[in-house]
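Participant: The structure's right below; bear with me while I get my questions together.
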Amino acid sequence: MLTILRKIVESVSSAESLTLAMQNLVMKTKEALGVDCCSVYIKDQTSNMLQLIATDGLDPKAVGTLTLGFDEGVVGLVARNLEMINLADASNNPNFKFIPGLGEELFHSFLGVPIVDQSILLGVLVIQQKTPRKFDEIDESFMVMLAAQLAGKFLEANLKKEMAMLGKSVSKTVSGLPVSKGLAQAQAFVLRPPLLLESIEIKKCEDPSIQYELFHQAMLQVQLELDRLMLKLNQSAGSPNSKIFEIYNMILNDRSFVDEIDQKIMGDSLYATAAVKLVCEKYINKFKEMEDPYFKDRAADVKDVAQRLLSKLAHSQVEFFDFSKPVILVADEVTASLLVEIPRTSLKGVISCKGSVNSHAAILARNMGVPAIMNIGESIDEFDDHYIVMDGTSGKIIIEPDNAIREEYKQLIETENNIREIAEKELYDSVVTLDNQKISVELNAGMNLDFETKGNFVDGVGLYRTEIPFMLQDNVLTEQEQINNYRNFLISFKDVPVCMRTLDIGGDKQLSYLKIHEANPALGWRGVRLMLDNRPLFMTQFKAMLKANIGLGNLKIMIPMISSSKEIEETRQMLDLAYNEVKEEMGLTDEQLRYPKFGAMIEVPSAVMLLEELSRTADFYSIGTNDLTQYILAVDRNNQKVAHCYDPYHPAVLRTLDYIFKECQRLDKPVSICGEMAGDYLGILILLAIGYRTFSMNLSSIARIKYLLRRIDVSKIKQIIDDAGLTNIEKIKTNLKNYISEQNLTRFYFE
Ligand code: PEP
Ligand code: MG
């Protein structure tokens, strides 16, 4: 009996479709038990009804059309009680329900078992017999075992997927760290990292011509990449490394190498990745077997070429994906560069298995206004082929939601869009509060995205993160590339000041081509410290900024991570030097080459205590609340384990912000806020009450913050904060929320 059972389960598992699997199941079970009828019902997770999906014995026309409630018939009773029912004559049972045309009147005995997966009913399996008899214990245990196997094996693997495809969802809820607010629903686009040569599966493909095309595209891209690297190395005189790339080129241009891969794709219908693996491994082994150490070493070169090809082939997942439909990007680690590769119109949400609130991918997602959830503790395999709804405010993700949830999210997204549209109508208006306070709302930029340059909807650019273009490229930007970047940006915002921050590399902002390994990166070689140790890079950036500003004059320059007077003084001397060199080099007058306003970021506690000294050199300050919070509280802004301790509303942070504002007033220095707190609804209200009037924030926050500020009275906010003091933050939050509700604004900010 066990052998028969195993055979049935195997035939179900290996069937190509749900229909075939279920047909196999009923036929084989009927035959194995020598009964007159076997049927299987599946529970529709949306409607909570049982649907007949296969039968050998009842009228086949009922398949797909007959549905039963849990309160209908003996089958409904099995589902309701999650228990086996064995009846000698079902028609005598009070629960029996006669369904005309089904042909059930022929059968008397009935044995029904529930198919259950982790206490959740998936369906009911039934056998019936014409002669009235109670099924024996062997039949019972066979059916119980079969149902258990079905639930465990087949339903887990295939049925869930197929049910989902049929719109009958088996949903799963997971949660992660909410990093960018908003709701989204769409199909998952699961992006896998480049594969390692060793782990490639040898698989046949359906359309070799596409694989052929992909392989040749990858070849071309690797070739270009190597040419670029070779050029760079040649420029650094006498570099022996460029020889390596010549060898790589020889491999790529070797006709027999390319022909062999082509043959594996076109002749053997293999995937391009599989073909690359087989041919490269053959060459690697050949080289390894050679006596001559020089040739032995070439095995590593072939492997590197293979790995580069595989990485381009993985990348072509993005290039060749049809982005005409909306998607939610799912990846093990979503990076900033990955985000900008997906067309904005189709990118509805972002899910990253790893990541944190202040990682650059998270900041970019917020900037783009794309809901994002990170650190989800699930494998990306969970999302394959699935439809997803996600809530970037709570961090909840539902994989394969049922129709009711999809409809609910659809409505919520519509409401959210309406609210955004209402706020965006006032995007271009300036901000004056109900009590006539003029507020400057500025933009945090640096992603070089089209939407960042929409026009004059802000009073300035308070923070242009220059390191981001460096992070999105594979190498350091040349002076000319920087000039072009900065100039385009200065032109886009020509009527307002644009504050460019010099490179803030290090810490969590790593460049792929300048990896820094430190035990304590946040306290290590980052920002101005790193730049003062790389003066040619610093000088090039200063010069590029100054040249980009010629004839425009809206540039301001700001230095990140200042922690001592010496740093700001040395930096200013470098800017003086760069200014004089550019002036001389280009034969410009003071009028033609404007000396920009020069400022410091206040984001390290020591700088807070040095404001008086810094003010001898700095013209203005901008507060980076992200880092300031991290350093005041000694909480790594990227460490999930201590995320609950990272709190910009901590009384120590608020009192520091209060102190900075008062000091800047005393010293008569302009000060603004450019950390994430400025774009937060409650954060900005507290900052207003402290006295700040200039705020720089992500693009996605601007419309709603402007809408909010135009509808509040700063004196009332100040009253609320003064009443509570900068200590009782819970009281402040509650009272501010009440005030927002009195202003009829709750649905804009807190629903
Ligand atoms: C900050 O630290 O608040 C800030 C604006 O800079 P970044 O997030 O780029 O470190
Ligand atoms: Mg910072």
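For the structure tokens, the naming scheme is as follows: chains receive sequential letters (A, B, ...) according to their order of presentation, residues are indexed from 1 within each chain, and ligands are indexed from 1 in presentation order.
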For ligand 2, return the neighbouring residues as a PyMOL selection string (distance at most 7 Å; only C-alpha atoms and all ligand atoms).
Facilitator: chain A and resi 560-561+603+624+626-627
Participant: Write the residues of the preceding selection, restricted to N, CA and C atoms, as a PDB file, in the first residue's frame.
Facilitator:
```
ATOM      1  N   PRO A 560      31.455  68.477   4.805  1.00  0.00           N
ATOM      2  CA  PRO A 560      30.830  67.536   5.752  1.00  0.00           C
ATOM      3  C   PRO A 560      31.793  67.080   6.852  1.00  0.00           C
ATOM      4  N   MET A 561      31.234  66.676   7.965  1.00  0.00           N
ATOM      5  CA  MET A 561      31.963  66.009   9.047  1.00  0.00           C
ATOM      6  C   MET A 561      33.055  66.856   9.694  1.00  0.00           C
ATOM      7  N   GLU A 603      27.366  68.247  12.262  1.00  0.00           N
ATOM      8  CA  GLU A 603      26.841  66.887  12.421  1.00  0.00           C
ATOM      9  C   GLU A 603      27.689  66.056  13.381  1.00  0.00           C
ATOM     10  N   GLY A 624      23.285  68.424   9.856  1.00  0.00           N
ATOM     11  CA  GLY A 624      22.983  67.069   9.382  1.00  0.00           C
ATOM     12  C   GLY A 624      22.440  66.272  10.561  1.00  0.00           C
ATOM     13  N   ASN A 626      20.986  63.538  10.666  1.00  0.00           N
ATOM     14  CA  ASN A 626      21.171  62.079  10.604  1.00  0.00           C
ATOM     15  C   ASN A 626      22.433  61.676  11.362  1.00  0.00           C
ATOM     16  N   ASP A 627      23.522  62.353  11.034  1.00  0.00           N
ATOM     17  CA  ASP A 627      24.779  62.016  11.716  1.00  0.00           C
ATOM     18  C   ASP A 627      24.818  62.596  13.122  1.00  0.00           C
TER      19      ASP A 627
END
```
Participant: Each residue of range 514-546 of chain A lying at most 8 Å from range 573-580 of chain A should get a row with its shortest atom-to-atom pair and the distance in Å to one decimal, counting only C-alpha atoms; could you produce that, ordered by chain and increasing number, as JSON lines?
Facilitator:
```
{"residue": "A:Met539", "atom": "CA", "partner": "A:Ala578", "partner_atom": "CA", "distance": 6.2}
{"residue": "A:Phe542", "atom": "CA", "partner": "A:Ala578", "partner_atom": "CA", "distance": 6.3}
{"residue": "A:Lys543", "atom": "CA", "partner": "A:Ala578", "partner_atom": "CA", "distance": 5.6}
{"residue": "A:Leu546", "atom": "CA", "partner": "A:Tyr579", "partner_atom": "CA", "distance": 7.0}
```
Participant: Would you please work out which residue, of A:Ile53, A:Ala62, A:Ile516, A:Leu87, is nearest to Phe135 in chain A when using only C-alpha atoms?
Facilitator: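 Answer, going by the shortest atom-to-atom distance: A:Leu87.
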Participant: Considering only C-alpha atoms and all ligand atoms, can you say which of A:Ile261, A:Ile632, A:Leu121, A:Ile398 comes closest to ligand 1?
Facilitator: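 Answer, going by the shortest atom-to-atom distance: A:Ile632.
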Participant: So that each row is one residue of range 58-137 of chain A with an atom at most 9 Å from range 29-42 of chain A, can you give its shortest atom pair and the distance in Å to one decimal, using only C-alpha atoms, rows by chain and rising number, as a Markdown table?
Facilitator:
```
| residue | atom | partner | partner_atom | distance |
| --- | --- | --- | --- | --- |
| A:Leu58 | CA | A:Cys37 | CA | 6.9 |
| A:Thr67 | CA | A:Tyr41 | CA | 8.6 |
| A:Val75 | CA | A:Tyr41 | CA | 8.6 |
| A:Phe107 | CA | A:Asp36 | CA | 8.0 |
| A:Ile115 | CA | A:Ile42 | CA | 8.7 |
| A:Leu121 | CA | A:Ile42 | CA | 8.8 |
| A:Leu122 | CA | A:Ile42 | CA | 5.9 |
| A:Gly123 | CA | A:Ile42 | CA | 4.0 |
| A:Val124 | CA | A:Tyr41 | CA | 5.1 |
| A:Leu125 | CA | A:Val40 | CA | 4.6 |
| A:Val126 | CA | A:Ser39 | CA | 5.2 |
| A:Ile127 | CA | A:Cys38 | CA | 4.4 |
| A:Gln128 | CA | A:Cys37 | CA | 5.0 |
| A:Gln129 | CA | A:Asp36 | CA | 5.0 |
| A:Lys130 | CA | A:Asp36 | CA | 6.6 |
```
Participant: Between A:Leu278, A:Leu66, A:Met545, A:Met697, which is the closest to ligand 1 once you count only C-alpha atoms and all ligand atoms?
Facilitator: A:Met697
Participant: Please determine, counting only C-alpha atoms and all ligand atoms, which residue among A:Ile705, A:Ile673, A:Ile413, A:Val279 has the shortest atom-to-atom distance to ligand 1.
Facilitator: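 Between A:Ile705, A:Ile673, A:Ile413, A:Val279, the residue approaching ligand 1 most closely is A:Ile673.
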Participant: Excluding Ala618 in chain A and residues on its chain fewer than 4 positions from it, collect all residues at most 8 Å away from it, counting only C-alpha atoms, and give them as a list in words.
Facilitator: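 Counting only C-alpha atoms, the residues come to Ile568, Phe598, Gly599, Ala600 and Leu614 of chain A.
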Participant: Output C-alpha atoms of each residue in that selection to a file, as a tab-separated table (two decimals), in the first residue's frame.
Facilitator:
```
chain	number	residue	atom	x	y	z
A	568	ILE	CA	37.66	74.09	8.39
A	598	PHE	CA	31.58	78.70	2.37
A	599	GLY	CA	29.87	76.66	5.09
A	600	ALA	CA	30.26	73.73	7.44
A	614	LEU	CA	34.29	77.84	13.35
```
Participant: Using only C-alpha atoms and all ligand atoms, which residue out of A:Met531, A:Arg420, A:Gln592, A:Asn367 lies closest to ligand 1?
Facilitator: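 Residue with the minimum atom-to-atom distance to ligand 1: A:Asn367.
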Participant: Between CA of Ser269 in chain A and CA of Lys303 in chain A, measure the distance and give it in Å to one decimal.
Facilitator: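 Pair CA of Ser269 in chain A / CA of Lys303 in chain A returns 22.9 Å.
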Participant: Which one of A:Pro469, A:Gly553, A:Gly725, A:Gly527 sits closest to ligand 1 if you count only C-alpha atoms and all ligand atoms?
Facilitator: A:Gly527
Participant: Which parts of range 359-540 of chain A does DSSP call strand (DSSP E) when run on the backbone here, written out as a PyMOL selection string?
Facilitator: chain A and resi 372-374+387-391+396-399+431-432+438-445+461-465+498-501
Participant: Could you pull out the helix (DSSP H, G or I) residues of range 410-536 of chain A, going by DSSP on the backbone, and write them as a ChimeraX atom specification?
Facilitator: /A:410-424,450-453,467-472,479-492,521-523,527-532,535-536
Participant: Write out as number ranges by chain each polymer residue whose atoms come within 8 Å of Val174 in chain A, counting only C-alpha atoms; drop sequence neighbours fewer than 4 positions from it.
Facilitator: A: 376, 378, 396-399
Participant: Selection from above, N, CA, C and O atoms, as a tab-separated table (two decimals), in the first residue's frame, can you write it?
Facilitator:
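Result went into again_26.tsv, see below:
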```tsv
chain	number	residue	atom	x	y	z
A	376	ILE	N	14.33	42.36	5.63
A	376	ILE	CA	13.10	41.61	5.83
A	376	ILE	C	13.31	40.18	6.35
A	376	ILE	O	12.34	39.50	6.65
A	378	GLU	N	13.90	37.47	4.93
A	378	GLU	CA	13.34	36.39	4.09
A	378	GLU	C	14.25	36.26	2.88
A	378	GLU	O	14.92	37.22	2.50
A	396	LYS	N	4.93	46.34	6.36
A	396	LYS	CA	4.22	45.07	6.12
A	396	LYS	C	4.21	44.73	4.62
A	396	LYS	O	3.95	45.61	3.79
A	397	ILE	N	4.46	43.47	4.33
A	397	ILE	CA	4.42	43.00	2.94
A	397	ILE	C	3.49	41.79	2.90
A	397	ILE	O	3.61	40.89	3.73
A	398	ILE	N	2.57	41.77	1.93
A	398	ILE	CA	1.75	40.56	1.79
A	398	ILE	C	2.07	39.96	0.42
A	398	ILE	O	1.90	40.61	-0.62
A	399	ILE	N	2.54	38.72	0.47
A	399	ILE	CA	2.85	38.01	-0.77
A	399	ILE	C	1.58	37.27	-1.18
A	399	ILE	O	0.98	36.57	-0.37
```
